[in-house]
Structures are given as structure tokens and as C-alpha cells.
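Visitor: My questions all concern the structure below.
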Amino acid sequence: MDEQQESGQKERLRTHPSERFAGESHAFDLGEVLRDLRAEAHPAEHGHRQITIFQRAPVTQVIFAFEPSGELTDHTAHGLVTIHVLEGQLVVQADGRDHELRAGCILVLNPDVRHNVRALEASAMLLTVHLEGEK
């Protein structure tokens, strides 16, 4: 057992966020991000993997790669949310109804709207959250 394991710390799967988000500009090849995400050795949780590609208050952007029937359980965000489907087909339950979204579709949710996401097939989305009251 190495020192890191003995101290109870997990080995990092990815570059530390302070390094990923450093710099004045950021360009992303979303196809490449998805390929790398899907190739990670650790198992998917609840049928999805995710990586934050950018975070600087008040904006966070996260890429999700879903397996068929993968899901994000019921939750809220304290900011404006956009869900941009990049691949596949998702159902987002929000505002008392099901939003069936395919690649190329975007759903915008006001702050604090309870929602969940379920993949009907292997899918991917770009989630952006713009927190309220932060600058």
C-alpha cells in the first residue's frame, strides 16, 4: 500500500481543476472529451460518467456520457440550467412533464426547477449552470 492509499486519499482520475481551468481562454473538442470520458477505467455511476470542463463563478459546464437507461436522479440547481443534447436521446422530467430531447436539442430550466434525466439510448449532453447572485 502506498502513502496516498494509507492516508485515505483517492488517486486522482484527472488533472486537478486548478490546472484544467487555468488560463485566459479555453477551447474544447467535445467529441474528444467524450471519447476520453468513455474510455476511463472506473465504472460509471448510475449509468453515466461526467467531467466538469469549465468552472468559473458563476458558470459551470459539465459533459455527461450516458449508457442506455443511465440517469441523473431528481435534483435542483440554484441557477439557470441549459441541457444541450450532443448525442442520442434523453428524457428530462421537469415542470410536471417529460421533455424528449434528441441530439441538437436544448432545454432551458429556470433556477430551482426540480428535474431528472434519463437516457433512452447511449447519449451525451453538455450541461451549463449559471448560478444566481454570483459574479
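The chains in the C-alpha cells are called A, B, ... from first to last as shown; in each chain the residues are counted from 1, and the ligands are counted from 1 in the order shown.
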Extract, using only C-alpha atoms, all DNA, RNA and protein residues at most 8 Å from range 31-45 of chain A, discarding same-chain residues fewer than 5 positions from it, and format them as a PyMOL selection string.
Guide: chain A and resi 50-51+63-65+124
Visitor: Go ahead and dump the residues you just picked, N, CA, C and O atoms, as a CSV table (one decimal), in the first residue's frame.
Guide:
chain,number,residue,atom,x,y,z
A,50,GLN,N,-19.2,11.7,-15.9
A,50,GLN,CA,-19.2,13.2,-16.1
A,50,GLN,C,-17.9,13.8,-15.8
A,50,GLN,O,-17.1,13.2,-15.1
A,51,ILE,N,-17.6,14.9,-16.5
A,51,ILE,CA,-16.4,15.7,-16.2
A,51,ILE,C,-16.8,17.2,-16.4
A,51,ILE,O,-17.5,17.6,-17.3
A,63,ILE,N,-19.8,17.9,-19.1
A,63,ILE,CA,-20.1,16.9,-20.1
A,63,ILE,C,-20.5,15.6,-19.4
A,63,ILE,O,-19.8,15.1,-18.5
A,64,PHE,N,-21.7,15.0,-19.8
A,64,PHE,CA,-22.1,13.8,-19.3
A,64,PHE,C,-22.2,12.8,-20.5
A,64,PHE,O,-22.7,13.1,-21.6
A,65,ALA,N,-21.7,11.6,-20.2
A,65,ALA,CA,-21.8,10.4,-21.2
A,65,ALA,C,-22.7,9.4,-20.5
A,65,ALA,O,-22.4,8.9,-19.5
A,124,ALA,N,-25.2,11.7,-24.9
A,124,ALA,CA,-24.3,12.7,-24.2
A,124,ALA,C,-24.9,14.0,-24.2
A,124,ALA,O,-25.7,14.4,-25.1
Visitor: Would you give me, as a PyMOL selection string, the residues in range 59-114 of chain A that DSSP reads as strand (DSSP E or B)?
Guide: chain A and resi 59-66+71-75+79-87+89-94+97-102+106-109
Visitor: For the residues selected in the previous step, produce a file with C-alpha atoms as a PDB file, in the first residue's frame.
Guide:
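selection.pdb written:
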ATOM      1  CA  VAL A  59     -20.669  29.426 -14.767  1.00  0.00           C
ATOM      2  CA  THR A  60     -20.064  25.678 -14.720  1.00  0.00           C
ATOM      3  CA  GLN A  61     -20.042  23.417 -17.789  1.00  0.00           C
ATOM      4  CA  VAL A  62     -20.179  19.635 -17.462  1.00  0.00           C
ATOM      5  CA  ILE A  63     -20.108  16.902 -20.103  1.00  0.00           C
ATOM      6  CA  PHE A  64     -22.149  13.760 -19.347  1.00  0.00           C
ATOM      7  CA  ALA A  65     -21.830  10.448 -21.182  1.00  0.00           C
ATOM      8  CA  PHE A  66     -24.822   8.187 -20.549  1.00  0.00           C
ATOM      9  CA  GLU A  71     -29.845   8.561 -15.204  1.00  0.00           C
ATOM     10  CA  LEU A  72     -29.387  11.602 -13.036  1.00  0.00           C
ATOM     11  CA  THR A  73     -31.828  11.369 -10.186  1.00  0.00           C
ATOM     12  CA  ASP A  74     -34.217  14.102  -9.068  1.00  0.00           C
ATOM     13  CA  HIS A  75     -32.356  17.302  -8.120  1.00  0.00           C
ATOM     14  CA  GLY A  79     -29.123  28.751 -11.204  1.00  0.00           C
ATOM     15  CA  LEU A  80     -30.261  28.842 -14.796  1.00  0.00           C
ATOM     16  CA  VAL A  81     -29.660  25.418 -16.390  1.00  0.00           C
ATOM     17  CA  THR A  82     -29.230  24.526 -20.044  1.00  0.00           C
ATOM     18  CA  ILE A  83     -29.170  20.923 -21.202  1.00  0.00           C
ATOM     19  CA  HIS A  84     -27.758  20.579 -24.722  1.00  0.00           C
ATOM     20  CA  VAL A  85     -28.065  17.051 -26.087  1.00  0.00           C
ATOM     21  CA  LEU A  86     -24.974  16.210 -28.115  1.00  0.00           C
ATOM     22  CA  GLU A  87     -25.719  12.565 -28.964  1.00  0.00           C
ATOM     23  CA  GLN A  89     -31.898  10.807 -26.853  1.00  0.00           C
ATOM     24  CA  LEU A  90     -32.738  11.916 -23.310  1.00  0.00           C
ATOM     25  CA  VAL A  91     -35.944  12.384 -21.352  1.00  0.00           C
ATOM     26  CA  VAL A  92     -35.843  15.228 -18.844  1.00  0.00           C
ATOM     27  CA  GLN A  93     -38.694  15.306 -16.358  1.00  0.00           C
ATOM     28  CA  ALA A  94     -39.228  18.907 -15.272  1.00  0.00           C
ATOM     29  CA  ARG A  97     -43.845  16.968 -17.856  1.00  0.00           C
ATOM     30  CA  ASP A  98     -41.453  14.850 -19.896  1.00  0.00           C
ATOM     31  CA  HIS A  99     -39.208  16.663 -22.369  1.00  0.00           C
ATOM     32  CA  GLU A 100     -37.983  14.204 -25.001  1.00  0.00           C
ATOM     33  CA  LEU A 101     -34.749  15.623 -26.389  1.00  0.00           C
ATOM     34  CA  ARG A 102     -32.597  14.306 -29.228  1.00  0.00           C
ATOM     35  CA  ILE A 106     -31.533  22.368 -25.868  1.00  0.00           C
ATOM     36  CA  LEU A 107     -33.730  22.630 -22.787  1.00  0.00           C
ATOM     37  CA  VAL A 108     -33.518  25.705 -20.540  1.00  0.00           C
ATOM     38  CA  LEU A 109     -34.668  25.451 -16.920  1.00  0.00           C
TER      39      LEU A 109
END
Visitor: What does the distance from CA of Ser123 in chain A to CA of Gly104 in chain A come to in Å, to one decimal?
Guide: 11.6 Å
Visitor: Based on the backbone DSSP call, show me all residues of range 12-88 of chain A assigned alpha helix (DSSP H), as a list in words.
Guide: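 Answer for range 12-88 of chain A, restricted to alpha helix (DSSP H): Pro17, Ser18, Glu19, Arg20, Leu30, Gly31, Glu32, Val33, Leu34, Arg35, Asp36, Leu37, Arg38 and Ala39 of chain A.
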Visitor: Distance CA of Ser25 in chain A-CA of Leu127 in chain A, one decimal place?
Guide: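 Taking CA of Ser25 in chain A as the start and CA of Leu127 in chain A as the end point, the length is 19.2 Å.
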Visitor: Just how far from CA of Cys105 in chain A is CA of Leu120 in chain A, in Å to one decimal?
Guide: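 Separation of CA of Leu120 in chain A and CA of Cys105 in chain A: 14.7 Å.
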Visitor: Would you list the contacts of Asp112 in chain A as a count of residues only, taking every protein, DNA or RNA residue within 7 Å and counting only C-alpha atoms, but skipping same-chain residues closer than 2 positions in sequence?
Guide: 6
Visitor: Quick one: of A:Gly23, A:Pro17, A:Gly88, A:Pro68, who's nearest to Met125 in chain A, counting only C-alpha atoms?
Guide: A:Gly88
